[in-house]
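K.L.:
My structure is in run04.txt, and what it holds is compact mmCIF, C-alpha atoms and all ligand atoms:
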# COMPACT_ATOMS: atom_id res chain seq x y z
CA MET I 1 -0.91 -30.57 28.86
CA LEU I 2 -3.59 -31.80 31.29
CA VAL I 3 -3.03 -35.27 32.75
CA LEU I 4 -5.35 -37.31 34.97
CA GLY I 5 -3.33 -39.41 37.44
CA ILE I 6 -4.84 -42.49 39.09
CA GLU I 7 -3.38 -44.24 42.15
CA THR I 8 -4.82 -47.45 43.66
CA SER I 9 -1.73 -49.48 44.61
CA CYS I 10 -2.47 -49.89 48.32
CA ASP I 11 -5.00 -48.29 50.68
CA GLU I 12 -5.54 -44.86 49.15
CA THR I 13 -7.86 -44.29 46.20
CA SER I 14 -6.66 -41.12 44.53
CA ALA I 15 -7.13 -39.15 41.32
CA ALA I 16 -5.57 -35.83 40.40
CA ILE I 17 -5.40 -33.37 37.54
CA VAL I 18 -1.95 -31.91 36.88
CA ARG I 19 -1.09 -29.28 34.28
CA ASN I 20 2.32 -29.39 32.56
CA GLY I 21 3.76 -31.92 35.00
CA CYS I 22 3.84 -29.67 38.05
CA HIS I 23 0.75 -27.51 38.54
CA VAL I 24 -1.74 -29.47 40.67
CA LEU I 25 -5.31 -28.42 39.82
CA SER I 26 -6.83 -31.08 42.08
CA ASN I 27 -5.69 -34.03 44.16
CA SER I 28 -8.62 -36.07 45.46
CA ILE I 29 -7.65 -38.73 48.04
CA GLN I 30 -9.99 -41.22 49.69
CA THR I 31 -8.13 -43.11 52.40
CA GLN I 32 -9.18 -46.58 53.58
CA ILE I 33 -7.28 -46.43 56.88
CA ASP I 34 -10.48 -46.71 58.96
CA LEU I 35 -11.50 -49.91 57.13
CA HIS I 36 -8.17 -51.64 57.74
CA GLN I 37 -7.64 -50.32 61.27
CA VAL I 38 -9.75 -53.11 62.80
CA PHE I 39 -7.42 -55.71 61.24
CA GLY I 40 -4.23 -53.88 62.30
CA GLY I 41 -2.98 -53.76 58.68
CA VAL I 42 -4.09 -53.61 55.05
CA VAL I 43 -6.28 -56.53 53.89
CA PRO I 44 -5.70 -56.80 50.11
CA GLU I 45 -9.18 -58.05 49.17
CA VAL I 46 -10.89 -55.36 51.23
CA ALA I 47 -8.63 -52.76 49.60
CA SER I 48 -9.51 -53.88 46.04
CA ARG I 49 -13.25 -53.85 46.71
CA HIS I 50 -13.12 -50.40 48.23
CA HIS I 51 -11.08 -49.02 45.31
CA LEU I 52 -13.74 -50.38 42.98
CA GLU I 53 -16.51 -48.65 44.94
CA MET I 54 -14.73 -45.34 45.38
CA LEU I 55 -12.75 -44.74 42.18
CA PRO I 56 -15.56 -43.31 39.98
CA SER I 57 -16.51 -40.67 42.55
CA VAL I 58 -12.86 -39.87 43.37
CA ILE I 59 -12.17 -39.27 39.65
CA GLN I 60 -15.31 -37.15 39.29
CA LYS I 61 -14.26 -35.07 42.30
CA ALA I 62 -10.81 -34.50 40.80
CA LEU I 63 -12.36 -33.31 37.52
CA ASP I 64 -14.88 -31.06 39.31
CA GLN I 65 -12.29 -29.46 41.60
CA ALA I 66 -10.02 -28.77 38.64
CA ASN I 67 -13.01 -27.47 36.68
CA VAL I 68 -12.19 -29.64 33.66
CA SER I 69 -14.03 -32.37 31.77
CA PHE I 70 -12.86 -35.72 30.36
CA GLN I 71 -12.65 -34.08 26.92
CA ASP I 72 -10.01 -31.61 28.18
CA LEU I 73 -7.56 -34.38 29.15
CA SER I 74 -4.35 -34.90 27.16
CA ALA I 75 -3.53 -38.30 28.70
CA ILE I 76 -4.20 -40.64 31.63
CA ALA I 77 -1.36 -41.80 33.90
CA VAL I 78 -1.88 -44.77 36.19
CA THR I 79 0.19 -46.68 38.77
CA ASN I 80 0.98 -50.06 37.19
CA ARG I 81 3.56 -51.36 39.72
CA PRO I 82 4.45 -52.20 42.41
CA GLY I 83 1.54 -52.76 44.78
CA LEU I 84 -1.26 -55.12 45.73
CA ILE I 85 -2.18 -56.90 42.52
CA GLY I 86 -5.98 -56.68 42.93
CA ALA I 87 -5.79 -53.04 43.98
CA LEU I 88 -3.52 -52.14 41.05
CA LEU I 89 -5.85 -53.83 38.59
CA VAL I 90 -8.80 -51.65 39.63
CA GLY I 91 -6.97 -48.43 38.73
CA LEU I 92 -5.24 -49.89 35.70
CA THR I 93 -8.40 -51.35 34.15
CA SER I 94 -10.38 -48.15 34.71
CA ALA I 95 -7.57 -46.05 33.21
CA LYS I 96 -7.33 -48.33 30.17
CA ALA I 97 -11.07 -48.13 29.54
CA MET I 98 -11.15 -44.33 29.85
CA ALA I 99 -8.06 -43.81 27.68
CA TYR I 100 -9.54 -46.13 25.04
CA ALA I 101 -12.91 -44.38 25.07
CA LEU I 102 -11.32 -40.91 24.93
CA ASP I 103 -8.65 -42.02 22.42
CA ILE I 104 -5.83 -40.46 24.42
CA PRO I 105 -2.48 -41.95 25.57
CA LEU I 106 -2.30 -44.20 28.60
CA ILE I 107 0.91 -43.82 30.65
CA PRO I 108 1.96 -46.64 33.02
CA VAL I 109 3.80 -45.19 36.03
CA ASN I 110 6.02 -46.91 38.60
CA HIS I 111 4.70 -45.92 42.04
CA LEU I 112 8.18 -45.76 43.64
CA HIS I 113 9.59 -43.53 40.93
CA ALA I 114 6.55 -41.27 41.20
CA HIS I 115 7.14 -40.82 44.96
CA LEU I 116 10.64 -39.49 44.25
CA CYS I 117 9.50 -37.28 41.39
CA SER I 118 6.83 -35.68 43.59
CA ILE I 119 9.57 -33.18 44.49
CA PHE I 120 9.00 -31.58 41.06
CA ILE I 121 5.31 -31.01 41.75
CA GLU I 122 5.74 -27.84 43.71
CA SER I 123 8.14 -26.34 41.19
CA SER I 124 7.35 -24.28 38.11
CA GLY I 125 3.95 -24.00 36.49
CA HIS I 126 2.52 -21.56 39.00
CA SER I 127 2.79 -17.94 37.99
CA THR I 128 2.74 -17.06 41.69
CA PRO I 129 4.46 -17.90 43.96
CA PRO I 130 7.68 -17.83 41.91
CA SER I 131 9.04 -21.25 41.02
CA LYS I 132 10.99 -23.09 43.69
CA LYS I 133 14.45 -24.45 42.94
CA VAL I 134 14.38 -28.15 42.07
CA PRO I 135 17.14 -30.79 42.11
CA ASN I 136 19.19 -31.43 38.99
CA PHE I 137 19.73 -34.94 37.59
CA PRO I 138 21.45 -37.07 38.73
CA PHE I 139 20.43 -37.03 42.39
CA LEU I 140 20.04 -39.62 45.15
CA GLY I 141 16.47 -40.66 45.96
CA LEU I 142 15.69 -42.19 49.36
CA LEU I 143 12.28 -43.83 49.22
CA ILE I 144 10.85 -44.80 52.59
CA SER I 145 7.31 -46.13 52.78
CA GLY I 146 5.19 -48.95 54.17
CA GLY I 147 6.44 -51.30 51.47
CA HIS I 148 9.93 -50.05 50.55
CA SER I 149 13.22 -48.72 51.84
CA ILE I 150 15.38 -47.99 48.81
CA ILE I 151 18.08 -45.60 47.66
CA TYR I 152 18.19 -44.92 43.92
CA LYS I 153 20.53 -42.89 41.80
CA VAL I 154 18.00 -40.99 39.72
CA HIS I 155 19.51 -40.29 36.30
CA SER I 156 16.33 -39.00 34.64
CA PHE I 157 12.54 -39.32 34.82
CA SER I 158 12.87 -42.78 33.28
CA ARG I 159 16.18 -44.11 34.64
CA PHE I 160 16.46 -45.19 38.29
CA GLU I 161 19.56 -47.10 39.39
CA LEU I 162 19.13 -49.19 42.53
CA LEU I 163 21.95 -48.58 45.04
CA CYS I 164 20.64 -49.80 48.40
CA GLN I 165 17.59 -51.65 49.67
CA THR I 166 16.27 -53.53 52.69
CA ARG I 167 17.11 -57.16 53.41
CA ASP I 168 13.82 -57.71 55.19
CA ASP I 169 11.12 -55.28 56.39
CA ALA I 170 10.51 -51.83 54.99
CA ILE I 171 10.96 -49.03 57.52
CA GLY I 172 7.25 -48.08 57.50
CA GLU I 173 6.29 -51.73 57.96
CA ALA I 174 8.63 -51.99 60.98
CA LEU I 175 7.16 -48.83 62.51
CA ASP I 176 3.60 -50.05 61.88
CA LYS I 177 4.33 -53.46 63.43
CA ALA I 178 6.04 -51.80 66.39
CA GLY I 179 2.90 -49.69 66.83
CA LYS I 180 0.79 -52.84 66.84
CA MET I 181 3.01 -54.46 69.51
CA LEU I 182 2.58 -51.35 71.64
CA GLY I 183 -1.21 -51.39 71.21
CA LEU I 184 -1.25 -48.18 69.14
CA PRO I 185 -3.80 -47.56 66.37
CA TYR I 186 -2.88 -48.41 62.76
CA PRO I 187 -0.75 -47.07 61.13
CA GLY I 188 1.87 -47.00 63.88
CA GLY I 189 4.36 -44.70 62.06
CA PRO I 190 2.60 -41.36 62.70
CA GLU I 191 1.53 -42.49 66.22
CA ILE I 192 5.14 -43.28 67.19
CA ASP I 193 6.21 -39.94 65.68
CA ARG I 194 3.63 -38.10 67.80
CA LEU I 195 4.34 -40.00 71.04
CA SER I 196 8.13 -39.72 70.74
CA LYS I 197 7.94 -35.97 71.23
CA ASN I 198 6.92 -36.56 74.87
CA SER I 199 9.94 -38.67 75.90
CA LYS I 200 13.37 -37.56 77.10
CA GLY I 201 14.84 -40.70 75.48
CA GLY I 202 17.63 -43.07 76.46
CA ARG I 203 15.65 -45.39 78.76
CA PHE I 204 15.96 -48.39 76.41
CA SER I 205 18.95 -49.48 74.39
CA PHE I 206 18.35 -50.89 70.90
CA PRO I 207 20.97 -52.49 68.63
CA ARG I 208 22.19 -50.72 65.48
CA PRO I 209 21.74 -53.28 62.63
CA LEU I 210 24.42 -54.11 60.03
CA ALA I 211 26.93 -51.98 61.88
CA LYS I 212 29.79 -53.01 59.59
CA LYS I 213 30.66 -49.90 57.60
CA THR I 214 31.04 -51.71 54.27
CA ILE I 215 27.45 -53.06 54.18
CA ARG I 216 25.20 -50.80 52.15
CA GLU I 217 21.83 -52.38 52.93
CA PHE I 218 19.02 -51.73 55.37
CA SER I 219 17.58 -54.22 57.87
CA PHE I 220 14.72 -53.43 60.23
CA SER I 221 13.43 -56.83 61.39
CA GLY I 222 16.05 -57.26 64.16
CA LEU I 223 14.96 -53.97 65.74
CA LYS I 224 11.39 -55.26 65.76
CA THR I 225 12.48 -58.46 67.53
CA SER I 226 14.43 -56.42 70.05
CA LEU I 227 11.30 -54.39 70.77
CA LEU I 228 9.25 -57.56 71.26
CA ASN I 229 11.87 -58.97 73.67
CA LYS I 230 11.85 -55.77 75.71
CA ILE I 231 8.04 -55.78 75.96
CA GLN I 232 8.05 -59.44 77.02
CA GLU I 233 10.76 -58.81 79.59
CA ALA I 234 8.75 -55.94 81.07
CA LYS I 235 5.64 -58.17 81.13
CA ARG I 236 7.33 -60.36 83.76
CA SER I 237 6.60 -57.66 86.32
CA GLY I 238 3.10 -56.52 85.25
CA ASN I 239 1.55 -55.19 82.08
CA PRO I 240 3.80 -52.44 80.71
CA LEU I 241 1.24 -51.60 78.01
CA GLU I 242 -1.00 -50.14 80.72
CA ASN I 243 1.73 -47.63 81.51
CA PRO I 244 1.62 -44.68 79.08
CA GLN I 245 5.15 -43.53 79.99
CA PHE I 246 6.57 -47.00 79.17
CA ILE I 247 4.91 -46.85 75.73
CA THR I 248 6.11 -43.30 75.10
CA ASP I 249 9.72 -44.01 76.15
CA ILE I 250 10.09 -47.29 74.30
CA ALA I 251 8.43 -45.85 71.17
CA HIS I 252 10.90 -42.96 71.27
CA ASP I 253 13.99 -45.16 71.59
CA PHE I 254 12.76 -47.59 68.92
CA GLN I 255 12.14 -44.72 66.49
CA GLU I 256 15.54 -43.23 67.28
CA ALA I 257 17.35 -46.53 66.56
CA THR I 258 15.35 -47.03 63.36
CA LEU I 259 16.11 -43.54 62.05
CA ASP I 260 19.79 -43.76 63.06
CA HIS I 261 20.16 -46.97 61.04
CA LEU I 262 18.37 -45.42 58.06
CA LEU I 263 20.60 -42.36 58.12
CA GLU I 264 23.83 -44.28 58.73
CA LYS I 265 23.36 -46.29 55.53
CA THR I 266 22.18 -43.20 53.66
CA ARG I 267 25.32 -41.36 54.76
CA LEU I 268 27.44 -44.26 53.51
CA THR I 269 25.71 -44.18 50.11
CA ILE I 270 26.15 -40.42 49.80
CA GLN I 271 29.85 -40.71 50.59
CA LYS I 272 30.28 -43.61 48.16
CA THR I 273 28.58 -41.85 45.24
CA ASN I 274 29.76 -38.30 45.87
CA LEU I 275 26.35 -36.95 44.89
CA ASN I 276 25.37 -33.85 46.82
CA GLN I 277 21.59 -33.80 46.35
CA LEU I 278 19.23 -36.11 48.24
CA VAL I 279 15.48 -36.32 47.66
CA VAL I 280 13.55 -38.09 50.43
CA ALA I 281 10.00 -39.31 49.69
CA GLY I 282 7.35 -41.85 50.72
CA GLY I 283 5.08 -41.90 53.76
CA VAL I 284 7.89 -42.11 56.35
CA ALA I 285 9.37 -38.86 54.98
CA ALA I 286 6.52 -37.15 56.84
CA ASN I 287 8.24 -38.10 60.14
CA SER I 288 9.10 -34.96 62.11
CA ARG I 289 12.18 -36.36 63.88
CA LEU I 290 13.56 -37.62 60.57
CA ARG I 291 13.18 -34.15 59.07
CA THR I 292 15.32 -32.68 61.89
CA LYS I 293 17.94 -35.42 61.53
CA LEU I 294 18.08 -34.90 57.76
CA GLN I 295 18.82 -31.22 58.24
CA GLU I 296 21.73 -32.16 60.52
CA LEU I 297 22.99 -34.67 57.93
CA ALA I 298 22.75 -32.04 55.18
CA LYS I 299 24.80 -29.60 57.23
CA ASP I 300 27.36 -32.22 58.15
CA LEU I 301 27.90 -33.58 54.62
CA LYS I 302 27.32 -30.22 52.92
CA ILE I 303 24.57 -31.60 50.70
CA GLU I 304 21.12 -30.35 49.75
CA VAL I 305 18.13 -32.33 51.02
CA TRP I 306 14.72 -32.06 49.37
CA ILE I 307 11.51 -33.36 50.95
CA PRO I 308 8.09 -32.93 49.32
CA LYS I 309 5.24 -31.33 51.24
CA PRO I 310 3.62 -33.90 53.62
CA ILE I 311 0.53 -34.26 51.39
CA PHE I 312 2.80 -35.39 48.51
CA CYS I 313 4.82 -37.74 50.79
CA THR I 314 1.99 -40.21 51.29
CA ASP I 315 0.20 -41.91 48.37
CA ASN I 316 -1.51 -39.50 45.97
CA GLY I 317 -2.63 -39.25 42.36
CA ALA I 318 -0.78 -35.97 41.72
CA MET I 319 2.64 -37.65 41.80
CA ILE I 320 1.40 -40.22 39.26
CA ALA I 321 0.06 -37.51 36.93
CA ALA I 322 3.25 -35.47 37.35
CA LEU I 323 5.68 -38.28 36.46
CA GLY I 324 3.29 -39.47 33.73
CA SER I 325 3.42 -36.00 32.15
CA HIS I 326 7.23 -36.00 32.10
CA LEU I 327 7.32 -39.50 30.60
CA LEU I 328 4.83 -38.51 27.94
CA ALA I 329 6.78 -35.37 27.09
CA GLN I 330 9.97 -37.45 26.74
CA THR I 331 8.40 -39.99 24.42
CA ASN I 332 7.25 -38.50 21.17
CA PRO I 333 5.54 -40.17 19.36
CA PRO I 334 4.09 -42.15 22.31
CA ILE I 335 5.67 -45.60 22.68
CA LYS I 336 3.59 -48.75 22.29
CA ASN I 337 2.78 -49.07 25.99
CA PHE I 338 1.29 -45.59 25.97
CA ASP I 339 -1.25 -46.47 23.29
CA PRO I 340 -4.59 -47.45 24.87
CA LYS I 341 -5.42 -49.65 21.89
CA HIS I 342 -2.74 -52.04 23.15
CA LEU I 343 -4.94 -53.47 25.85
CA THR I 344 -2.43 -56.16 26.69
CA LEU I 345 -0.58 -53.80 29.06
CA ASN I 346 -0.26 -55.83 32.23
CA ALA I 347 0.29 -54.75 35.80
CA PHE I 348 3.97 -55.65 35.76
CA SER I 349 5.00 -54.24 32.42
CA SER I 350 7.31 -51.30 32.62
CA ASN I 351 8.56 -48.58 30.35
CA GLU I 352 11.50 -47.62 32.53
CA ARG I 353 15.04 -48.90 32.88
CA GLU I 354 16.26 -49.73 36.37
O1 LIG V 401 3.96 -44.00 50.94
P1 LIG V 401 2.87 -44.48 51.82
O2 LIG V 401 1.69 -43.59 52.04
O3 LIG V 401 2.28 -45.84 51.34
C1 LIG V 401 3.08 -46.85 50.84
O4 LIG V 401 3.36 -46.82 49.59
O5 LIG V 401 3.52 -47.68 51.66
O6 LIG V 401 3.55 -44.83 53.24
C2 LIG V 401 2.84 -45.35 54.31
C3 LIG V 401 3.80 -45.53 55.49
C4 LIG V 401 3.17 -46.24 56.67
O7 LIG V 401 4.03 -47.28 57.09
C5 LIG V 401 3.07 -45.15 57.73
O8 LIG V 401 3.19 -45.64 59.05
C6 LIG V 401 4.24 -44.27 57.38
O9 LIG V 401 4.24 -44.25 55.97
N1 LIG V 401 4.11 -42.91 57.93
C7 LIG V 401 4.93 -42.42 58.88
C8 LIG V 401 4.47 -41.11 59.17
N2 LIG V 401 3.39 -40.85 58.37
C9 LIG V 401 3.20 -41.96 57.60
N3 LIG V 401 5.97 -42.99 59.52
C10 LIG V 401 6.58 -42.24 60.46
N4 LIG V 401 6.22 -40.99 60.79
C11 LIG V 401 5.17 -40.39 60.18
N5 LIG V 401 4.81 -39.14 60.53
ZN ZN V 402 3.59 -45.14 48.40
Please re-express this file's structure in C-alpha cells.
P.N.:
Amino acid sequence: MLVLGIETSCDETSAAIVRNGCHVLSNSIQTQIDLHQVFGGVVPEVASRHHLEMLPSVIQKALDQANVSFQDLSAIAVTNRPGLIGALLVGLTSAKAMAYALDIPLIPVNHLHAHLCSIFIESSGHSTPPSKKVPNFPFLGLLISGGHSIIYKVHSFSRFELLCQTRDDAIGEALDKAGKMLGLPYPGGPEIDRLSKNSKGGRFSFPRPLAKKTIREFSFSGLKTSLLNKIQEAKRSGNPLENPQFITDIAHDFQEATLDHLLEKTRLTIQKTNLNQLVVAGGVAANSRLRTKLQELAKDLKIEVWIPKPIFCTDNGAMIAALGSHLLAQTNPPIKNFDPKHLTLNAFSSNERE
C-alpha cells in the first residue's frame, strides 16, 4: 500500500510517500520559518498563501524522491484538523481534487493523533535494519507542540482518550513567547534549548504552576508572566538584554521550570493510570534537556519512553501518511468520509472517537 500524506496545518508544507504505514520512501518538507520570523510568530494569511504556492512542487518532489507516480498511489491522507483554517483548506482541497481525479480513497487525519503515531514510522517495513520494537496499545501519548500540550490514553489508531491538557498556553507557545521577550529569533524553543546548555543554572527562581498534587492539568502562562516580571525588574538597572549571560541564565531557568511542570503532571498521570509506556511527540519533544529528564523519569517509574526521531517530531507529511495507512487498513470497505466523491468533507469533520 502506497499512501501520499499531505500536511499544511501550520507553517510547514509537507508531502510524503509511505509504504505499508511505516516505510518512508520520501518526506519532502518546505518550512516557512524565514517568512514568519520577521513577525515573531506565524501569520495565518501568509501561511495559507505560501502553502498554495509551494504545495504542487512539494508533492512533485515527494513523488520523484520515492520514484513513484500518481498512478501508483493507493490513497491520499491529509491533515483535516486541528490547525489554521486557511492553511488546512489548501492541503485538504488539493488532496480532495487529486483523490477524485485518481479515483482513490481520501483519508482525513487528525494532526495531533498523527504526531503520536509517528513512533510507528521507524518500525517494520524495512528489510534492513531489523524492525525496532514499538509500543503496544494502550499507551500514554504526551503531545507537546506549538499549539498543544495534551496527554492521551491511546487505545488504538482511531481511539484517543483525553486525560490532561493545558488551561492556557501550549508549552511550545510559552517557549516561543519567552524567546521573543528575550530578543531571540523565532521560534524560541530550539534557541532556548541551545542557549541553556551554556548556563550553570539556579540564578533565577521560577514558580512551579498548579503545585497541588490532585490537579492533572498544565498551565504555562504564569511562568511567562514571571519571566516578563524578572526582565522588567532587571531593566531598572540597565538593559539586561544586552548581557548575553543574563539571557543564557534566565533562558535556562525558565526552560527548567517549564519542563519540571510538564514532567510533574505527566508523572501524576502515569501513576493515576498505571500505564507503563509513554510516547512523547510534537516539536518540543526535540528538546535535548527534556530527553534527558524523560530518561530519568523512565528509570524512576520503571516505564518505557518512546520518542520519534527529531525529523518526525516536528510537522511532516510522513506521519500523516503513516496514520492514514493504518486508518485505511482498519476500515474495509472505506467509510463514507474516505470516499473522494463525497466532496462535502469539511475541515472539522472527523472519523475518530475521542
Ligand atoms: O509540532 P510542531 O512542529 O508544530 C506544531 O504543530 O505546533 O512544533 C513546533 C514547536 C515550536 O513551539 C518550537 O519552538 C518547538 O516546537 N520546538 C522546540 C524545539 N524544537 C522545536 N522546543 C524546545 N526545544 C526544541 N529543541
Ligand atoms: Zn504539529
K.L.:
Rounded to one decimal, what separation in Å do you get between atom CA of I:Val24 and atom CA of I:Ala329?
P.N.:
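Going from atom CA of I:Val24 over to atom CA of I:Ala329 covers 17.1 Å.
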K.L.:
I'd like the contact shell of I:Met54 - 10 Å cut-off, only C-alpha atoms, skipping same-chain residues fewer than 3 positions apart - returned as a list in words.
P.N.:
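With the cut-off at 10 Å, the set is Glu12, Thr13, Ser14, Gln30, Thr31, Gln32, Arg49, His50, His51, Ser57, Val58 and Ile59 of chain I.
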K.L.:
List all protein, DNA and RNA residues that have any atom at most 7 Å from ligand LIG 401 (chain V), counting only C-alpha atoms and all ligand atoms, and write the list as a ChimeraX atom specification.
P.N.:
/I:10,145-148,172-173,175-176,187-190,192-193,282-288,313-315
K.L.:
So, with only C-alpha atoms as the atoms that count, which of I:Leu116, I:Leu223, I:Ala318, I:Ala62 lies closest to I:Trp306?
P.N.:
I:Leu116
K.L.:
Pick out the closest residue to ligand ZN 402 (chain V) from this set: I:Leu328, I:Phe312, I:Ser28, I:Gln60. Count only C-alpha atoms and all ligand atoms.
P.N.:
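Ranking I:Leu328, I:Phe312, I:Ser28, I:Gln60 by distance to ligand ZN 402 (chain V), first place goes to I:Phe312.
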K.L.:
Counting all atoms listed in the file, which of I:Cys117, I:Leu163, I:Leu92, I:Ala15 gets nearest to I:Thr79?
P.N.:
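Selected residue with least distance to I:Thr79: I:Leu92.
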K.L.:
From the set I:Leu112, I:Leu63, I:Leu262, I:Leu241, which residue has the shortest atom-to-atom contact distance to ligand ZN 402 (chain V), counting all atoms listed in the file?
P.N.:
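Of the candidates, the smallest distance to ligand ZN 402 (chain V) is held by I:Leu112.
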